[in-house]
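Asker: Structure below; questions to follow.
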Amino acid sequence: MKLRLLKPCALSLLFVLAFHPAFSESTDNRTRQLPVEFRGVWVATVTNIDWPSKRTLSVEELKKEALNIIELHHKMGMNTIILQVRPSGDAIYPTNLAPWSVYLTGKQGNAPEGGFDPLKFWVDECKKRNIELHAWINPFRASLHSTDSLTENHPARLHPEWVVEYNGKLYFDPGIPEVRHHLTEVIRELVRNYDIAAIHIDDYFYPYPATGFVFKDSASYEARSEEERHLSIHDWRRSNTDKFIMEASAAIHAEKPYVKFGISPFGVWRNKSEDPRGSDTRAGVTSYDHLYADVVKWAHQGWIDYVIPQIYWSSRDKAANFLKLAQWWNDNITDRHLYIGHGIYKINGTQENWDDPNELKQQILFSRSLRNVKGSAFYSHNHFLRKNNNLNQLLEDSLYRDIAAVPPMEWLQNKARPEPVNNLKYKRGLITWEAPRGANTTGKPLRYVVYIANESGGEAEYITRSRVFKPESKTMPGRGRFSIQVAVMDADNSISEKSEVLKIRY
């Protein structure tokens, strides 16, 4: 798959094309449907894991690194970037609800020079390449170190009563209603101010258990409401995260009904030894019992839109096996979208069972074979820059060679499927069409899928924001007769019916 920004055509219209130049074989000349698959990568900002590489970069260097990341994954066929925008009670965008991140400018609270807004830059550059930007937040992590110097406007400084110190870190107590309200407002502001495709939360709710430490939330437990008096502290903690997820979901969809809400939980929900509904695993930590995140319930209740379990084990692990876990999640997430999270940081590492160079290929192919799995995500960007058993080439040249649209979510669409294009023509070397009647093409420009089939059965798809397509050698391999159809793709990735077939000779 390639994506090119082409020069203006004769009509001075600039358009973006995403295409794969090779044709696949087919038995007839009818154009096929555009493949649909989630293809995501996490880009972590905390401790400068992925971006920015240093805390001392200039704005131009920040932009350059961001563009390098976006272009790399665009070239490999990704259609989603999951960018960490709130790593630790701070932010990489301007807000009165948190200080600027230390990982961005070297000192917490210091803004980038010249009024630069990193999140807006990421959103704009991703949209140019038809890549979705999912804003990843760590809501309950207040600070990575309890000794960190926090700015005066840091929520943990403003509200020390919200904070629990645990294992050398600071956490916001999910049991305090004001904490949940504050975090919901953080999410609401992000959705309101940025043209993001989704809000994304990973596996951090209550902290991972640490030997010898107690999460001291007894005061908030004692202050629980009368309706919660019958709950054990464990059920009460799960109730707290339930409330937060429900409230966050309502806030997101009240602001913008089409913005998605996704969770990437720890890869084991519960062990079968603890619950007959659990997986055939022997994990020492589970999402339900230790992190108090009942993500299966959240999906069944419709509070979230997608789940990306972090199945960061190999297909040969015994205590927690990738194949068994992918199958388990496939069988248990049936109401919302399911994508699989792959731990590519383990390739060529020190962990047992990761020596097979075909491990990731097997994981992706197995995931694709499961009925309810609709794609994959990879942790994290930086591990595409080192020796990784040629994973980059595997994706670009093989598994992600053909472009794919992000799977649409019918339950989020507050409108009908987009209408098809009108008046498809070929004249003076240009293919043109008209937008659907009544379509708003100024606020959010529609995208169009151009389907091309040659007379021998080869097929290709192109994505463009223009209503002009110019057949030329770099976009039309070979010469001969072609069948052309065009469909509309809206902001929710919903695709209209195809237009009538236009026959051309090139």
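Going by the structure tokens order, chains are called A, B, ..., each with residues numbered from 1, while ligands are numbered from 1 in the order shown.
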Can you pull out the residues contacting A:Gly115? Cut-off 12 Å, using only C-alpha atoms, and skip same-chain residues under 3 positions away; I want them as a CSV table (one decimal) with N, CA, C and O atoms, in the first residue's frame.

Answerer:
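Written output follows (part-v7.csv):
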chain,number,residue,atom,x,y,z
A,59,VAL,N,10.3,23.2,18.4
A,59,VAL,CA,9.0,22.9,17.7
A,59,VAL,C,9.2,22.3,16.3
A,59,VAL,O,8.5,21.3,16.0
A,93,TYR,N,-1.3,19.1,25.1
A,93,TYR,CA,-2.1,20.0,24.4
A,93,TYR,C,-2.5,21.1,25.4
A,93,TYR,O,-2.5,20.9,26.7
A,94,PRO,N,-2.9,22.3,25.0
A,94,PRO,CA,-3.2,23.4,25.9
A,94,PRO,C,-4.5,23.1,26.6
A,94,PRO,O,-5.6,22.8,26.0
A,110,ASN,N,5.7,24.1,31.3
A,110,ASN,CA,6.2,25.0,30.2
A,110,ASN,C,5.6,24.6,28.9
A,110,ASN,O,5.6,23.5,28.5
A,111,ALA,N,5.0,25.6,28.2
A,111,ALA,CA,4.4,25.5,26.9
A,111,ALA,C,5.4,25.4,25.8
A,111,ALA,O,6.5,26.1,25.9
A,112,PRO,N,5.1,24.7,24.7
A,112,PRO,CA,6.0,24.8,23.5
A,112,PRO,C,6.0,26.2,23.0
A,112,PRO,O,5.1,27.0,23.2
A,118,PRO,N,0.7,20.6,19.9
A,118,PRO,CA,1.1,19.3,19.3
A,118,PRO,C,-0.1,18.4,18.9
A,118,PRO,O,0.0,17.7,17.8
A,120,LYS,N,-3.1,19.2,17.9
A,120,LYS,CA,-3.7,19.6,16.6
A,120,LYS,C,-2.8,19.3,15.4
A,120,LYS,O,-3.3,18.9,14.4
A,121,PHE,N,-1.5,19.4,15.6
A,121,PHE,CA,-0.6,19.1,14.5
A,121,PHE,C,-0.8,17.6,14.2
A,121,PHE,O,-0.9,17.2,13.0

Asker: Compile a residue-level contact table for stretch 235-272 of chain A against stretch 328-352 of chain A at a cut-off of 12 Å, reporting for every qualifying residue the shortest atom pair and its distance in Å to one decimal, with only C-alpha atoms counted, rows ordered by chain and ascending number, as CSV.

Answerer:
residue,atom,partner,partner_atom,distance
A:Lys260,CA,A:His337,CA,10.7
A:Phe261,CA,A:Arg336,CA,10.7
A:Gly262,CA,A:His337,CA,9.1
A:Ile263,CA,A:Leu338,CA,10.1
A:Ser264,CA,A:Gly341,CA,7.6
A:Pro265,CA,A:Gly341,CA,9.4
A:Phe266,CA,A:Gly341,CA,9.7
A:Gly267,CA,A:Gly341,CA,8.4
A:Val268,CA,A:Trp329,CA,9.0
A:Trp269,CA,A:Trp329,CA,8.9
A:Arg270,CA,A:Trp328,CA,10.7
A:Asn271,CA,A:Trp328,CA,11.0
A:Lys272,CA,A:Trp328,CA,10.9

Asker: Restricting it to all heavy atoms, dump the selection as a compact mmCIF listing (two decimals), in the first residue's frame.

Answerer:
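Below you can see out_8.txt, which holds the result:
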# COMPACT_ATOMS: atom_id res chain seq x y z
N LYS A 260 -15.53 7.63 18.91
CA LYS A 260 -15.51 6.30 19.52
C LYS A 260 -14.86 6.32 20.91
O LYS A 260 -14.11 7.25 21.23
CB LYS A 260 -14.76 5.34 18.60
CG LYS A 260 -15.46 5.13 17.27
CD LYS A 260 -14.64 4.31 16.30
CE LYS A 260 -13.71 5.18 15.49
NZ LYS A 260 -13.20 4.51 14.29
N PHE A 261 -15.14 5.29 21.69
CA PHE A 261 -14.56 5.13 23.02
C PHE A 261 -14.01 3.71 23.10
O PHE A 261 -14.77 2.75 22.99
CB PHE A 261 -15.63 5.36 24.08
CG PHE A 261 -15.12 5.38 25.50
CD1 PHE A 261 -13.79 5.66 25.81
CD2 PHE A 261 -16.00 5.12 26.55
CE1 PHE A 261 -13.34 5.68 27.12
CE2 PHE A 261 -15.57 5.15 27.88
CZ PHE A 261 -14.23 5.43 28.16
N GLY A 262 -12.69 3.60 23.26
CA GLY A 262 -12.06 2.27 23.26
C GLY A 262 -11.21 2.03 24.50
O GLY A 262 -10.67 2.96 25.10
N ILE A 263 -11.09 0.76 24.87
CA ILE A 263 -10.29 0.33 26.01
C ILE A 263 -9.32 -0.75 25.55
O ILE A 263 -9.71 -1.66 24.79
CB ILE A 263 -11.16 -0.25 27.15
CG1 ILE A 263 -12.29 0.72 27.52
CG2 ILE A 263 -10.31 -0.63 28.36
CD1 ILE A 263 -11.83 1.95 28.24
N SER A 264 -8.06 -0.67 26.00
CA SER A 264 -7.11 -1.76 25.74
C SER A 264 -6.70 -2.38 27.08
O SER A 264 -5.72 -1.96 27.69
CB SER A 264 -5.89 -1.26 24.97
OG SER A 264 -5.25 -0.20 25.65
N PRO A 265 -7.46 -3.35 27.57
CA PRO A 265 -7.23 -3.90 28.90
C PRO A 265 -6.07 -4.88 28.93
O PRO A 265 -5.58 -5.34 27.89
CB PRO A 265 -8.55 -4.63 29.19
CG PRO A 265 -8.98 -5.12 27.83
CD PRO A 265 -8.58 -4.00 26.88
N PHE A 266 -5.64 -5.20 30.14
CA PHE A 266 -4.71 -6.32 30.34
C PHE A 266 -5.30 -7.55 29.65
O PHE A 266 -6.51 -7.75 29.65
CB PHE A 266 -4.52 -6.55 31.83
CG PHE A 266 -3.54 -7.65 32.16
CD1 PHE A 266 -2.18 -7.45 31.99
CD2 PHE A 266 -3.99 -8.87 32.66
CE1 PHE A 266 -1.28 -8.46 32.29
CE2 PHE A 266 -3.09 -9.87 32.97
CZ PHE A 266 -1.73 -9.67 32.79
N GLY A 267 -4.45 -8.39 29.08
CA GLY A 267 -4.90 -9.45 28.18
C GLY A 267 -5.69 -10.58 28.79
O GLY A 267 -6.31 -11.36 28.08
N VAL A 268 -5.68 -10.70 30.14
CA VAL A 268 -6.47 -11.76 30.80
C VAL A 268 -7.56 -11.10 31.63
O VAL A 268 -7.29 -10.33 32.55
CB VAL A 268 -5.57 -12.63 31.71
CG1 VAL A 268 -6.43 -13.68 32.45
CG2 VAL A 268 -4.50 -13.32 30.88
N TRP A 269 -8.80 -11.40 31.30
CA TRP A 269 -9.94 -10.87 32.06
C TRP A 269 -10.01 -11.56 33.42
O TRP A 269 -9.91 -10.94 34.45
CB TRP A 269 -11.22 -11.07 31.26
CG TRP A 269 -12.48 -10.63 31.97
CD1 TRP A 269 -12.85 -9.35 32.24
CD2 TRP A 269 -13.50 -11.48 32.51
NE1 TRP A 269 -14.05 -9.34 32.92
CE2 TRP A 269 -14.47 -10.64 33.09
CE3 TRP A 269 -13.70 -12.86 32.55
CZ2 TRP A 269 -15.63 -11.13 33.70
CZ3 TRP A 269 -14.84 -13.36 33.16
CH2 TRP A 269 -15.79 -12.51 33.73
N ARG A 270 -10.17 -12.90 33.40
CA ARG A 270 -10.12 -13.71 34.62
C ARG A 270 -9.61 -15.10 34.23
O ARG A 270 -9.84 -15.56 33.10
CB ARG A 270 -11.48 -13.88 35.29
CG ARG A 270 -12.14 -12.62 35.79
CD ARG A 270 -13.29 -12.93 36.75
NE ARG A 270 -12.80 -13.09 38.12
CZ ARG A 270 -13.58 -13.46 39.14
NH1 ARG A 270 -14.87 -13.73 38.93
NH2 ARG A 270 -13.08 -13.56 40.36
N ASN A 271 -8.96 -15.78 35.14
CA ASN A 271 -8.56 -17.17 34.93
C ASN A 271 -9.76 -18.09 35.16
O ASN A 271 -10.62 -17.81 36.01
CB ASN A 271 -7.45 -17.56 35.89
CG ASN A 271 -6.16 -16.81 35.65
OD1 ASN A 271 -5.70 -16.71 34.52
ND2 ASN A 271 -5.58 -16.27 36.71
N LYS A 272 -9.78 -19.17 34.42
CA LYS A 272 -10.87 -20.14 34.58
C LYS A 272 -10.91 -20.72 35.99
O LYS A 272 -11.98 -21.08 36.50
CB LYS A 272 -10.72 -21.26 33.55
CG LYS A 272 -11.88 -22.25 33.52
CD LYS A 272 -11.70 -23.33 32.46
CE LYS A 272 -11.89 -22.75 31.08
NZ LYS A 272 -11.89 -23.81 30.03

Asker: What does the distance from atom CA of A:Gly114 to atom CA of A:Arg86 come to in Å, to one decimal?

Answerer: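 For atom CA of A:Gly114 relative to atom CA of A:Arg86, the distance reads 21.1 Å.
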
Asker: Grab the atom CA of A:Phe116 to atom CA of A:Trp51 distance for me, in Å with one decimal place.

Answerer: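 Atom CA of A:Phe116 sits 15.6 Å away from atom CA of A:Trp51.
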
Asker: Report the distance between atom CA of A:Arg417 and atom CA of A:Ile495 in Å, rounded to one decimal place.

Answerer: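 It comes out at 7.1 Å.
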
Asker: For stretch 35-43 of chain A, work out the shell of residues within 9 Å, counting only C-alpha atoms and skipping chain neighbours fewer than 4 positions away, then give it as a PyMOL selection string.

Answerer: chain A and resi 49-51+69+73+77-84+132+136+339+341+374-382+400+402-408

Asker: What lies within 10 Å of stretch 201-214 of chain A using only C-alpha atoms, ignoring chain neighbours under 3 positions off, as a PyMOL selection string?

Answerer: chain A and resi 82+84+134-141+165-174+198+217+237-238+240-241+245+261-267+284-287+290-293+295+307-310

Asker: If you run DSSP on the backbone, which residues of stretch 177-258 of chain A are helix (DSSP H, G or I), as a PyMOL selection string?

Answerer: chain A and resi 177-193+218-222+226-228+233-255

Asker: Please report, as a ChimeraX atom specification, each residue of stretch 93-268 of chain A to which DSSP assigns strand (DSSP E or B) when run on this structure's backbone.

Answerer: /A:100,132-137,141-143,163-166,169-172,198-201,260-263,266

Asker: Which is closest to A:Glu255 among A:Arg188, A:Lys64, A:Lys470, A:Arg157, if we use only C-alpha atoms?

Answerer: A:Arg188

Asker: Excluding A:Ala219 and its own-chain neighbours fewer than 2 positions away, which residues fall within 12 Å of it when counting only C-alpha atoms? Please give them as a compact mmCIF listing (two decimals) with all heavy atoms, in the first residue's frame.

Answerer:
# COMPACT_ATOMS: atom_id res chain seq x y z
N GLU A 161 -6.43 15.80 48.51
CA GLU A 161 -7.36 14.82 49.07
C GLU A 161 -7.82 13.80 48.03
O GLU A 161 -8.39 12.76 48.38
CB GLU A 161 -8.57 15.53 49.69
CG GLU A 161 -9.54 16.16 48.70
CD GLU A 161 -9.12 17.54 48.18
OE1 GLU A 161 -7.96 17.96 48.44
OE2 GLU A 161 -9.95 18.18 47.50
N TRP A 162 -7.56 14.08 46.74
CA TRP A 162 -7.91 13.13 45.69
C TRP A 162 -6.85 12.04 45.50
O TRP A 162 -7.09 11.07 44.79
CB TRP A 162 -8.04 13.86 44.35
CG TRP A 162 -9.21 14.77 44.22
CD1 TRP A 162 -10.19 15.02 45.14
CD2 TRP A 162 -9.53 15.57 43.06
NE1 TRP A 162 -11.10 15.90 44.64
CE2 TRP A 162 -10.72 16.27 43.37
CE3 TRP A 162 -8.93 15.76 41.82
CZ2 TRP A 162 -11.33 17.14 42.46
CZ3 TRP A 162 -9.52 16.63 40.91
CH2 TRP A 162 -10.70 17.31 41.22
N VAL A 163 -5.70 12.21 46.10
CA VAL A 163 -4.51 11.43 45.72
C VAL A 163 -4.19 10.33 46.72
O VAL A 163 -4.29 10.53 47.94
CB VAL A 163 -3.30 12.37 45.55
CG1 VAL A 163 -2.04 11.59 45.21
CG2 VAL A 163 -3.59 13.42 44.47
N VAL A 164 -3.80 9.18 46.19
CA VAL A 164 -3.30 8.05 46.99
C VAL A 164 -1.87 7.76 46.54
O VAL A 164 -1.61 7.61 45.34
CB VAL A 164 -4.17 6.79 46.81
CG1 VAL A 164 -3.56 5.61 47.57
CG2 VAL A 164 -5.60 7.05 47.29
N ASP A 173 -7.79 8.72 43.23
CA ASP A 173 -8.65 7.69 43.81
C ASP A 173 -9.94 7.58 43.01
O ASP A 173 -10.76 8.49 43.03
CB ASP A 173 -8.95 8.04 45.27
CG ASP A 173 -9.75 6.98 45.99
OD1 ASP A 173 -10.20 6.02 45.34
OD2 ASP A 173 -9.91 7.12 47.23
N GLY A 175 -12.52 6.09 43.69
CA GLY A 175 -13.68 6.03 44.58
C GLY A 175 -14.23 7.37 44.97
O GLY A 175 -15.26 7.45 45.66
N ILE A 176 -13.57 8.45 44.58
CA ILE A 176 -14.02 9.80 44.92
C ILE A 176 -14.82 10.37 43.75
O ILE A 176 -14.29 10.52 42.64
CB ILE A 176 -12.82 10.70 45.25
CG1 ILE A 176 -12.07 10.15 46.47
CG2 ILE A 176 -13.28 12.13 45.50
CD1 ILE A 176 -10.81 10.91 46.80
N PHE A 215 -3.23 -0.14 48.71
CA PHE A 215 -3.85 1.04 48.14
C PHE A 215 -4.81 1.61 49.18
O PHE A 215 -5.86 1.03 49.48
CB PHE A 215 -4.60 0.70 46.85
CG PHE A 215 -5.06 1.90 46.07
CD1 PHE A 215 -4.16 2.60 45.29
CD2 PHE A 215 -6.38 2.33 46.12
CE1 PHE A 215 -4.57 3.72 44.56
CE2 PHE A 215 -6.79 3.43 45.40
CZ PHE A 215 -5.88 4.13 44.62
N LYS A 216 -4.46 2.76 49.73
CA LYS A 216 -5.15 3.29 50.91
C LYS A 216 -6.35 4.14 50.51
O LYS A 216 -6.31 5.37 50.50
CB LYS A 216 -4.17 4.09 51.76
CG LYS A 216 -3.01 3.24 52.30
CD LYS A 216 -2.02 4.07 53.09
CE LYS A 216 -0.87 3.20 53.60
NZ LYS A 216 0.14 4.00 54.35
N ASP A 217 -7.43 3.45 50.19
CA ASP A 217 -8.67 4.13 49.84
C ASP A 217 -9.78 3.82 50.84
O ASP A 217 -10.97 3.90 50.52
CB ASP A 217 -9.11 3.77 48.42
CG ASP A 217 -9.31 2.27 48.23
OD1 ASP A 217 -8.96 1.49 49.13
OD2 ASP A 217 -9.82 1.88 47.15
N TYR A 221 -13.88 4.48 50.79
CA TYR A 221 -14.75 3.30 50.91
C TYR A 221 -15.75 3.51 52.04
O TYR A 221 -16.94 3.23 51.89
CB TYR A 221 -13.91 2.06 51.16
CG TYR A 221 -14.72 0.79 51.36
CD1 TYR A 221 -15.64 0.37 50.40
CD2 TYR A 221 -14.55 0.02 52.51
CE1 TYR A 221 -16.37 -0.81 50.58
CE2 TYR A 221 -15.27 -1.15 52.70
CZ TYR A 221 -16.18 -1.55 51.73
OH TYR A 221 -16.92 -2.70 51.91
N GLU A 222 -15.30 4.04 53.15
CA GLU A 222 -16.20 4.29 54.27
C GLU A 222 -17.22 5.37 53.93
O GLU A 222 -18.32 5.39 54.48
CB GLU A 222 -15.40 4.70 55.51
CG GLU A 222 -14.62 3.55 56.14
CD GLU A 222 -15.51 2.40 56.56
OE1 GLU A 222 -16.61 2.67 57.12
OE2 GLU A 222 -15.15 1.23 56.32
N ALA A 223 -16.86 6.27 53.02
CA ALA A 223 -17.75 7.36 52.65
C ALA A 223 -18.69 6.99 51.50
O ALA A 223 -19.42 7.85 51.00
CB ALA A 223 -16.93 8.59 52.25
N ARG A 224 -18.70 5.74 51.11
CA ARG A 224 -19.54 5.31 49.98
C ARG A 224 -21.03 5.55 50.29
O ARG A 224 -21.42 5.67 51.46
CB ARG A 224 -19.28 3.84 49.64
CG ARG A 224 -19.73 2.84 50.69
CD ARG A 224 -19.11 1.48 50.42
NE ARG A 224 -19.60 0.43 51.30
CZ ARG A 224 -19.17 0.22 52.53
NH1 ARG A 224 -18.24 1.02 53.04
NH2 ARG A 224 -19.66 -0.77 53.26
N ILE A 233 -15.15 -4.25 49.39
CA ILE A 233 -14.27 -3.23 48.83
C ILE A 233 -13.88 -3.56 47.39
O ILE A 233 -13.72 -2.67 46.56
CB ILE A 233 -13.00 -3.04 49.71
CG1 ILE A 233 -12.25 -1.77 49.25
CG2 ILE A 233 -12.11 -4.29 49.68
CD1 ILE A 233 -11.18 -1.32 50.21

Asker: Name the residues in contact with A:Pro357 at a cut-off of 10 Å, using only C-alpha atoms, excluding same-chain residues fewer than 4 positions from it; report them as an MDAnalysis selection string.

Answerer: chainID A and resid 347:348 361:362 388:391

Asker: For the residues selected in the previous step, produce a file with C-alpha atoms as a compact mmCIF listing (two decimals), in the first residue's frame.

Answerer:
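Below is the file that was written, part05.txt:
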# COMPACT_ATOMS: atom_id res chain seq x y z
CA ILE A 347 10.52 -9.62 19.43
CA ASN A 348 14.24 -10.40 19.74
CA LYS A 361 2.78 -13.37 11.24
CA GLN A 362 1.10 -16.34 12.90
CA ASN A 388 12.00 -7.07 14.53
CA ASN A 389 12.16 -10.08 12.21
CA ASN A 390 11.28 -7.87 9.22
CA LEU A 391 7.85 -7.03 10.61
